[in-house]
>>> print(open('my_file36.cif').read())   # mmCIF, C-alpha atoms and all ligand atoms
data_entry
loop_
_atom_site.label_atom_id
_atom_site.label_comp_id
_atom_site.auth_asym_id
_atom_site.auth_seq_id
_atom_site.Cartn_x
_atom_site.Cartn_y
_atom_site.Cartn_z
CA MET A 1 122.29 151.79 155.94
CA SER A 2 120.24 150.53 153.06
CA THR A 3 121.61 148.53 150.13
CA LEU A 4 121.80 150.59 146.93
CA PHE A 5 120.22 149.37 143.71
CA VAL A 6 121.89 151.24 140.85
CA THR A 7 120.49 151.20 137.33
CA HIS A 8 119.52 153.44 134.39
CA PRO A 9 116.84 153.20 131.67
CA ALA A 10 119.44 154.01 128.98
CA CYS A 11 120.94 150.54 129.58
CA GLU A 12 117.94 149.09 127.77
CA HIS A 13 118.75 151.11 124.64
CA HIS A 14 121.85 149.04 123.81
CA GLN A 15 120.46 146.93 120.96
CA THR A 16 122.17 143.68 119.98
CA GLY A 17 119.89 142.43 117.21
CA ARG A 18 117.26 139.79 116.84
CA GLY A 19 117.90 136.51 118.67
CA HIS A 20 120.92 137.80 120.62
CA PRO A 21 120.95 136.40 124.17
CA GLU A 22 122.32 139.64 125.69
CA ARG A 23 119.11 141.57 125.11
CA PRO A 24 117.34 144.53 126.74
CA GLN A 25 114.67 142.21 128.16
CA ARG A 26 117.28 140.92 130.63
CA LEU A 27 117.07 144.16 132.59
CA THR A 28 113.29 144.25 132.34
CA ALA A 29 113.23 140.76 133.86
CA VAL A 30 115.55 141.86 136.67
CA HIS A 31 113.41 144.91 137.48
CA ARG A 32 110.17 142.88 137.45
CA ALA A 33 111.64 140.17 139.69
CA VAL A 34 113.07 142.68 142.16
CA GLU A 35 109.77 144.53 142.33
CA SER A 36 107.56 141.47 142.69
CA ALA A 37 109.82 140.05 145.41
CA GLY A 38 109.06 143.18 147.43
CA LEU A 39 112.71 144.19 147.43
CA LEU A 40 112.10 147.80 146.45
CA ASP A 41 111.17 148.45 150.10
CA HIS A 42 114.60 147.18 151.13
CA VAL A 43 116.88 149.01 148.72
CA THR A 44 117.66 152.61 147.86
CA PRO A 45 117.27 153.04 144.08
CA ILE A 46 119.96 155.19 142.46
CA GLU A 47 120.06 156.40 138.88
CA ALA A 48 123.45 155.65 137.33
CA PRO A 49 125.34 158.78 136.26
CA GLU A 50 127.62 158.87 133.22
CA VAL A 51 131.05 157.52 134.04
CA ASP A 52 133.84 160.06 134.60
CA ARG A 53 135.77 160.16 131.35
CA ASP A 54 139.15 160.34 133.09
CA LEU A 55 138.32 157.30 135.24
CA LEU A 56 137.17 155.36 132.15
CA GLU A 57 140.42 156.30 130.42
CA THR A 58 142.41 154.65 133.22
CA ILE A 59 140.76 151.38 132.13
CA HIS A 60 140.27 151.76 128.37
CA ALA A 61 142.43 153.29 125.65
CA LYS A 62 141.07 156.52 124.18
CA PRO A 63 141.06 155.22 120.56
CA TYR A 64 138.92 152.26 121.65
CA ILE A 65 136.40 154.53 123.38
CA SER A 66 136.27 156.63 120.20
CA THR A 67 135.73 153.51 118.09
CA ILE A 68 132.51 152.76 119.98
CA GLU A 69 131.29 156.35 119.65
CA ASN A 70 132.12 156.48 115.94
CA LEU A 71 130.45 153.15 115.18
CA ALA A 72 127.28 154.34 116.95
CA ARG A 73 127.36 157.67 115.14
CA GLY A 74 127.54 155.81 111.83
CA GLY A 75 124.41 153.80 112.68
CA GLY A 76 126.02 150.88 114.51
CA GLY A 77 128.23 147.89 113.80
CA TRP A 78 130.06 144.96 115.33
CA LEU A 79 133.27 144.74 117.40
CA ASP A 80 133.36 140.97 116.88
CA ALA A 81 130.89 138.31 115.80
CA ASP A 82 129.06 138.55 119.15
CA THR A 83 129.49 142.14 120.22
CA ALA A 84 127.20 144.74 118.76
CA VAL A 85 127.36 148.53 118.95
CA SER A 86 124.02 150.21 118.27
CA VAL A 87 123.07 153.87 118.15
CA GLY A 88 122.06 153.68 121.82
CA SER A 89 125.13 151.73 122.96
CA PRO A 90 127.44 154.59 124.01
CA ALA A 91 124.74 156.07 126.28
CA ALA A 92 124.08 152.62 127.77
CA ALA A 93 127.76 151.83 128.22
CA VAL A 94 128.63 155.11 129.96
CA ARG A 95 125.70 154.61 132.35
CA ALA A 96 126.70 150.99 132.99
CA ALA A 97 130.26 152.03 133.83
CA GLY A 98 128.96 155.10 135.64
CA GLY A 99 126.65 152.96 137.77
CA ALA A 100 129.63 150.82 138.80
CA GLN A 101 131.63 153.96 139.58
CA ARG A 102 128.78 155.55 141.56
CA ALA A 103 128.17 152.34 143.56
CA ALA A 104 131.85 151.99 144.43
CA GLU A 105 132.10 155.63 145.51
CA ALA A 106 128.94 155.32 147.61
CA VAL A 107 130.00 152.18 149.49
CA CYS A 108 133.51 153.57 150.02
CA GLY A 109 131.97 156.75 151.43
CA ALA A 110 129.33 157.20 154.08
CA GLN A 111 126.21 156.51 152.05
CA SER A 112 126.01 152.73 152.27
CA ARG A 113 128.09 149.58 152.55
CA ARG A 114 126.37 147.44 149.90
CA ALA A 115 125.31 148.01 146.31
CA PHE A 116 123.95 146.01 143.40
CA VAL A 117 124.47 147.49 139.94
CA ALA A 118 121.84 146.27 137.46
CA VAL A 119 123.20 147.43 134.12
CA ARG A 120 124.08 146.28 130.62
CA PRO A 121 126.06 145.87 128.42
CA PRO A 122 128.07 143.56 130.70
CA GLY A 123 131.80 144.20 131.09
CA HIS A 124 134.18 141.47 132.23
CA HIS A 125 135.38 140.40 128.75
CA ALA A 126 136.20 143.99 127.75
CA LEU A 127 139.97 144.42 127.30
CA PRO A 128 141.79 147.75 127.64
CA ASP A 129 141.72 148.33 123.89
CA ARG A 130 138.99 146.02 122.62
CA GLY A 131 135.44 145.00 123.43
CA MET A 132 134.40 141.37 123.03
CA GLY A 133 131.97 138.75 124.31
CA PHE A 134 128.95 141.12 124.53
CA CYS A 135 131.07 143.57 126.62
CA LEU A 136 131.93 147.20 125.79
CA PHE A 137 133.33 148.85 128.93
CA ASN A 138 134.63 146.82 131.87
CA ASN A 139 132.20 147.93 134.56
CA ALA A 140 133.69 145.82 137.38
CA ALA A 141 137.16 147.20 136.58
CA VAL A 142 135.73 150.73 136.70
CA ALA A 143 134.23 149.95 140.13
CA ALA A 144 137.62 148.70 141.35
CA ALA A 145 139.37 151.77 139.94
CA ALA A 146 136.79 154.05 141.58
CA ALA A 147 137.36 152.31 144.93
CA ARG A 148 141.10 152.78 144.51
CA ARG A 149 140.59 156.45 143.64
CA ALA A 150 138.45 156.77 146.79
CA GLY A 151 141.46 155.73 148.83
CA ARG A 152 140.95 151.98 149.15
CA GLU A 153 144.31 150.23 148.92
CA ARG A 154 143.33 146.65 148.17
CA VAL A 155 140.35 145.65 146.07
CA MET A 156 139.26 142.04 145.64
CA ILE A 157 137.21 141.19 142.55
CA VAL A 158 135.26 137.93 142.76
CA ASP A 159 133.97 136.84 139.34
CA TRP A 160 131.40 134.03 139.46
CA ASP A 161 130.15 134.43 135.86
CA VAL A 162 130.35 131.07 134.06
CA HIS A 163 132.87 132.58 131.61
CA HIS A 164 136.40 133.64 132.47
CA GLY A 165 136.71 137.38 133.10
CA ASN A 166 139.61 137.75 130.66
CA GLY A 167 139.18 141.51 130.32
CA THR A 168 139.36 142.15 134.05
CA GLN A 169 142.33 139.81 134.29
CA ALA A 170 144.18 141.69 131.53
CA ILE A 171 143.45 145.10 133.08
CA PHE A 172 144.88 144.15 136.50
CA TRP A 173 147.46 141.59 135.31
CA ARG A 174 150.41 143.55 136.74
CA ASP A 175 148.54 145.37 139.51
CA PRO A 176 149.17 144.08 143.06
CA SER A 177 146.43 146.31 144.52
CA VAL A 178 143.66 144.32 142.84
CA LEU A 179 143.19 140.63 143.59
CA PHE A 180 141.18 139.09 140.75
CA VAL A 181 139.59 135.72 141.53
CA SER A 182 137.59 134.06 138.76
CA MET A 183 135.73 130.78 138.86
CA HIS A 184 134.47 129.61 135.50
CA GLN A 185 133.64 126.61 133.36
CA GLU A 186 136.84 125.02 132.00
CA TYR A 187 137.43 124.75 128.22
CA TRP A 188 134.71 127.36 127.65
CA TYR A 189 134.52 130.81 126.10
CA PRO A 190 136.84 132.78 125.91
CA GLY A 191 139.40 129.99 126.40
CA THR A 192 141.56 131.73 129.03
CA GLY A 193 141.59 131.34 132.83
CA GLU A 194 143.96 128.42 133.37
CA VAL A 195 145.23 127.75 136.89
CA GLU A 196 148.72 128.80 135.80
CA GLU A 197 147.60 132.34 134.85
CA VAL A 198 148.57 134.19 138.03
CA GLY A 199 149.56 137.70 136.93
CA GLU A 200 153.01 139.08 136.20
CA GLY A 201 155.66 141.37 137.65
CA PRO A 202 154.37 143.19 140.73
CA GLY A 203 150.97 141.57 140.07
CA GLU A 204 152.25 138.00 140.24
CA GLY A 205 149.90 136.10 142.54
CA THR A 206 147.07 138.64 142.49
CA THR A 207 145.26 136.76 139.71
CA VAL A 208 143.69 133.48 140.82
CA ASN A 209 141.87 131.31 138.30
CA ILE A 210 139.57 128.47 139.28
CA PRO A 211 138.48 126.49 136.21
CA LEU A 212 135.69 124.05 137.10
CA PRO A 213 134.23 121.06 135.28
CA ALA A 214 130.85 121.36 133.57
CA GLY A 215 128.09 120.26 135.91
CA THR A 216 129.44 122.04 138.98
CA GLY A 217 126.54 123.21 141.16
CA ASP A 218 125.61 124.62 144.55
CA GLY A 219 127.82 122.24 146.55
CA GLY A 220 130.88 122.60 144.32
CA TYR A 221 130.69 126.38 144.24
CA MET A 222 130.35 126.46 148.03
CA ASP A 223 133.51 124.35 148.24
CA VAL A 224 135.26 126.89 146.00
CA PHE A 225 134.24 129.63 148.41
CA THR A 226 135.16 127.84 151.64
CA GLU A 227 138.45 126.43 150.33
CA ILE A 228 139.73 129.27 148.15
CA VAL A 229 137.71 132.50 147.99
CA LEU A 230 137.21 133.05 151.73
CA PRO A 231 140.78 132.05 152.69
CA LEU A 232 142.04 134.48 150.01
CA PHE A 233 139.78 137.16 151.47
CA SER A 234 141.41 136.60 154.87
CA ALA A 235 144.93 136.55 153.42
CA PHE A 236 144.59 139.59 151.11
CA ARG A 237 142.46 141.65 153.55
CA PRO A 238 140.73 143.75 150.87
CA ASP A 239 139.28 147.08 151.87
CA ALA A 240 136.71 146.87 149.07
CA VAL A 241 135.08 143.93 147.28
CA VAL A 242 133.66 143.96 143.75
CA VAL A 243 131.61 140.99 142.56
CA SER A 244 131.37 140.33 138.83
CA ALA A 245 127.90 138.89 139.31
CA GLY A 246 127.04 136.87 136.22
CA TYR A 247 124.23 134.36 136.47
CA ASP A 248 124.98 132.17 133.45
CA ALA A 249 126.23 129.35 135.73
CA HIS A 250 122.55 128.80 136.56
CA GLU A 251 121.24 125.33 135.66
CA SER A 252 118.73 126.84 133.19
CA ASP A 253 121.15 129.10 131.38
CA PRO A 254 121.52 128.45 127.63
CA LEU A 255 125.17 129.63 127.50
CA GLY A 256 126.61 127.67 130.41
CA GLY A 257 126.97 124.06 131.46
CA MET A 258 126.82 124.52 135.23
CA VAL A 259 123.94 123.62 137.55
CA LEU A 260 123.85 126.38 140.16
CA THR A 261 120.42 127.37 141.47
CA ALA A 262 119.17 130.83 142.41
CA ALA A 263 119.41 129.78 146.07
CA GLY A 264 122.98 128.66 145.40
CA PHE A 265 123.87 132.13 144.09
CA GLY A 266 122.20 133.57 147.18
CA ARG A 267 124.41 131.45 149.40
CA LEU A 268 127.58 132.58 147.61
CA ALA A 269 126.50 136.19 148.11
CA LEU A 270 125.73 135.48 151.76
CA VAL A 271 129.06 133.96 152.69
CA LEU A 272 131.02 136.65 150.88
CA ASP A 273 128.85 139.38 152.37
CA ASP A 274 129.27 137.82 155.80
CA ALA A 275 133.07 137.92 155.50
CA ALA A 276 132.87 141.53 154.30
CA GLN A 277 130.45 142.56 157.07
CA LYS A 278 132.67 141.09 159.76
CA THR A 279 135.61 143.16 158.57
CA GLY A 280 133.64 146.32 157.70
CA THR A 281 134.52 145.90 154.02
CA PRO A 282 132.24 147.57 151.46
CA LEU A 283 130.88 145.42 148.64
CA VAL A 284 129.57 146.18 145.15
CA ALA A 285 128.00 143.53 142.92
CA VAL A 286 127.91 144.37 139.21
CA LEU A 287 125.68 142.41 136.83
CA GLU A 288 127.53 140.47 134.12
CA GLY A 289 125.91 137.57 132.19
CA GLY A 290 122.74 135.52 132.75
CA TYR A 291 120.58 134.69 129.75
CA ASP A 292 117.58 132.69 131.00
CA LEU A 293 115.22 135.46 132.03
CA PRO A 294 113.36 133.73 134.93
CA ALA A 295 116.63 132.29 136.29
CA LEU A 296 118.31 135.70 136.01
CA GLY A 297 115.47 137.41 137.87
CA ALA A 298 115.36 134.79 140.64
CA SER A 299 119.15 134.80 141.04
CA VAL A 300 119.37 138.60 141.32
CA VAL A 301 116.58 138.45 143.92
CA ALA A 302 118.50 135.80 145.89
CA THR A 303 121.63 137.96 145.74
CA LEU A 304 119.72 141.04 146.91
CA ASP A 305 118.08 138.99 149.67
CA ALA A 306 121.60 138.32 150.92
CA LEU A 307 122.91 141.87 150.45
CA THR A 308 119.90 143.44 152.17
CA GLY A 309 119.95 140.98 155.07
CA ARG A 310 116.44 139.72 154.25
CA VAL A 311 117.73 136.14 154.31
CA LEU A 312 120.19 134.88 156.89
CA PRO A 313 122.82 132.24 156.10
CA ALA A 314 121.04 129.49 158.02
CA GLU A 315 117.85 130.03 156.00
CA ALA A 316 119.55 129.85 152.64
CA LEU A 317 120.35 126.16 152.30
CA PRO A 318 119.05 125.03 148.93
CA ALA A 319 116.37 122.41 149.44
CA ASP A 320 116.33 120.76 146.04
CA ALA A 321 119.65 121.41 144.35
CA PRO A 322 120.07 119.39 141.14
CA PRO A 323 122.67 116.60 141.04
CA GLU A 324 126.11 117.88 140.09
CA THR A 325 129.35 116.55 138.74
CA SER A 326 131.32 114.35 141.10
CA ALA A 327 132.67 116.04 144.20
CA MET A 328 135.94 114.23 143.51
CA ALA A 329 136.41 115.95 140.15
CA ILE A 330 135.79 119.35 141.73
CA ARG A 331 138.11 118.61 144.65
CA GLY A 332 140.87 117.67 142.20
CA ARG A 333 140.56 121.09 140.54
CA LEU A 334 140.56 122.87 143.90
CA ARG A 335 143.71 121.03 144.97
CA ALA A 336 145.46 122.21 141.81
CA VAL A 337 144.35 125.81 142.37
CA ARG A 338 145.44 125.72 146.01
CA ARG A 339 148.82 124.30 145.04
CA VAL A 340 149.48 127.30 142.79
CA ALA A 341 147.90 129.86 145.16
CA LEU A 342 149.95 128.54 148.09
CA THR A 343 153.12 129.81 146.44
CA HIS A 344 151.74 133.36 146.89
CA TRP A 345 149.26 133.16 149.76
CA ARG A 346 148.91 131.52 153.15
CA ILE A 347 145.55 129.96 152.60
ZN ZN B 401 129.17 134.91 131.07
#
>>> encode(input="my_file36.cif", output="structure tokens", more="lines below")
Ligand code: ZN
Amino acid sequence: MSTLFVTHPACEHHQTGRGHPERPQRLTAVHRAVESAGLLDHVTPIEAPEVDRDLLETIHAKPYISTIENLARGGGGWLDADTAVSVGSPAAAVRAAGGAQRAAEAVCGAQSRRAFVAVRPPGHHALPDRGMGFCLFNNAAVAAAAARRAGRERVMIVDWDVHHGNGTQAIFWRDPSVLFVSMHQEYWYPGTGEVEEVGEGPGEGTTVNIPLPAGTGDGGYMDVFTEIVLPLFSAFRPDAVVVSAGYDAHESDPLGGMVLTAAGFGRLALVLDDAAQKTGTPLVAVLEGGYDLPALGASVVATLDALTGRVLPAEALPADAPPETSAMAIRGRLRAVRRVALTHWRI
């Protein structure tokens, strides 16, 4: 079964204004990189449909959805200092969320087991009743909700964007059926994502935050996966995985202070995909951030190399990873995260 590559041209019609890092050219760069890497022979392209309104309304409040439509109808405006709504934004946002929905339904059905959703605007900062941080609709949350609607009981969301996925966290804060695991740069936008934020009520323990020091790179992120993400995968036993695949932890990214390489992202995708493959768990990766165009293109290619099986784990060791922050600093953070997670999980 071929890996699906889900996208839509309308996603390039969400305009954010001159000089904004979250720009239409990001998707152009992704498409060019995927094509020139020869990946189009290895994926099944799918055009994103519009999201089901009733599914979207399980994630976002109706008045908020109307706010976006009304702003666009009036010629555009801003939800906050960073988050633009243009005339073309509603069409882009419903295709972005619809692509996530379609991918989740496809991998939970018979069509495929893997999908990459190349869409914008991104989604993981979008709260139930408010967009922020370049995000309008929470696409990863829509994918998780679609998987749940398709009968999957436990969905694990792995968010490796450099920023904390505060919107996704808020949406599933009290929901024990969705395990949200975010690794992000500490003391960074949007300021949430402390180790102690673990969810509440029935959802206590199904939010796991892994704040990391600036300068964390390929080695540190791999430690996060082997010491926390993969053990949580084994403990939670998800029957669907959604990756909030942001690439702004890349060493070249202007909005992050991490030093991951494209090959490093590829390795993260490989080890997660490997765990999912071994348990027959479907996986959907949804594009979030990533603002250096060449780095974004190369990192998406590395991810797709992993998800299509073009590159095997043994071949993916980064040859020239840049120096990163001290392993001791990272290990200290991981110990703190494990200490909190151990109260909820046998990991
Ligand atoms: Zn980000």
>>> atom_distance(input="my_file36.cif", atom1="CA of Ser234 in chain A", atom2="CA of Lys278 in chain A")
11.0 Å
>>> residues_near_ligand(input="my_file36.cif", ligand="ligand ZN 401 (chain B)", cutoff="6 Å", atoms="all atoms listed in the file", output="number ranges by chain")
A: 161-163, 246, 248, 289
>>> closest_residue(input="my_file36.cif", among="A:Ala295, A:Ala336, A:Ala285, A:Ile171", to="Ala118 in chain A", atoms="only C-alpha atoms")
A:Ala285
>>> closest_residue(input="my_file36.cif", among="A:Leu342, A:Val142, A:Val119, A:Leu232", to="Ala275 in chain A", atoms="only C-alpha atoms")
A:Leu232
>>> closest_residue(input="my_file36.cif", among="A:Gly191, A:Gly199, A:Pro21, A:Asp159", to="Leu268 in chain A", atoms="only C-alpha atoms")
A:Asp159
>>> closest_residue(input="my_file36.cif", among="A:Val94, A:Leu304, A:Val241, A:Leu255", to="Arg53 in chain A", atoms="all atoms listed in the file")
A:Val94
>>> atom_distance(input="my_file36.cif", atom1="CA of Ala302 in chain A", atom2="CA of Asp223 in chain A")
19.0 Å
>>> residues_around(input="my_file36.cif", residues="range 227-230 of chain A", least_positions_apart="3", cutoff="10 Å", atoms="all atoms listed in the file", output="list in words")
Met156, Val158, Val181, Ser182, Met183, Val208, Ile210, Tyr221, Met222, Asp223, Val224, Phe233, Ser234, Ala235, Phe236, Val271, Leu272, Ala275, Ala276, Arg331, Leu334, Arg335, Val337, Arg338, Ala341 and Ile347 of chain A
>>> write_last_selection(input="my_file36.cif", atoms="C-alpha atoms", output="JSON list (two decimals), in the frame of the given file")
[["chain", "number", "residue", "atom", "x", "y", "z"],
["A", 156, "MET", "CA", 139.26, 142.04, 145.64],
["A", 158, "VAL", "CA", 135.26, 137.93, 142.76],
["A", 181, "VAL", "CA", 139.59, 135.72, 141.53],
["A", 182, "SER", "CA", 137.59, 134.06, 138.76],
["A", 183, "MET", "CA", 135.73, 130.78, 138.86],
["A", 208, "VAL", "CA", 143.69, 133.48, 140.82],
["A", 210, "ILE", "CA", 139.57, 128.47, 139.28],
["A", 221, "TYR", "CA", 130.69, 126.38, 144.24],
["A", 222, "MET", "CA", 130.35, 126.46, 148.03],
["A", 223, "ASP", "CA", 133.51, 124.35, 148.24],
["A", 224, "VAL", "CA", 135.26, 126.89, 146.00],
["A", 233, "PHE", "CA", 139.78, 137.16, 151.47],
["A", 234, "SER", "CA", 141.41, 136.60, 154.87],
["A", 235, "ALA", "CA", 144.93, 136.55, 153.42],
["A", 236, "PHE", "CA", 144.59, 139.59, 151.11],
["A", 271, "VAL", "CA", 129.06, 133.96, 152.69],
["A", 272, "LEU", "CA", 131.02, 136.65, 150.88],
["A", 275, "ALA", "CA", 133.07, 137.92, 155.50],
["A", 276, "ALA", "CA", 132.87, 141.53, 154.30],
["A", 331, "ARG", "CA", 138.11, 118.61, 144.65],
["A", 334, "LEU", "CA", 140.56, 122.87, 143.90],
["A", 335, "ARG", "CA", 143.71, 121.03, 144.97],
["A", 337, "VAL", "CA", 144.35, 125.81, 142.37],
["A", 338, "ARG", "CA", 145.44, 125.72, 146.01],
["A", 341, "ALA", "CA", 147.90, 129.86, 145.16],
["A", 347, "ILE", "CA", 145.55, 129.96, 152.60]]
>>> closest_residue(input="my_file36.cif", among="A:Gly266, A:Gly297, A:Gly193, A:Gly167", to="Glu35 in chain A", atoms="only C-alpha atoms")
A:Gly297
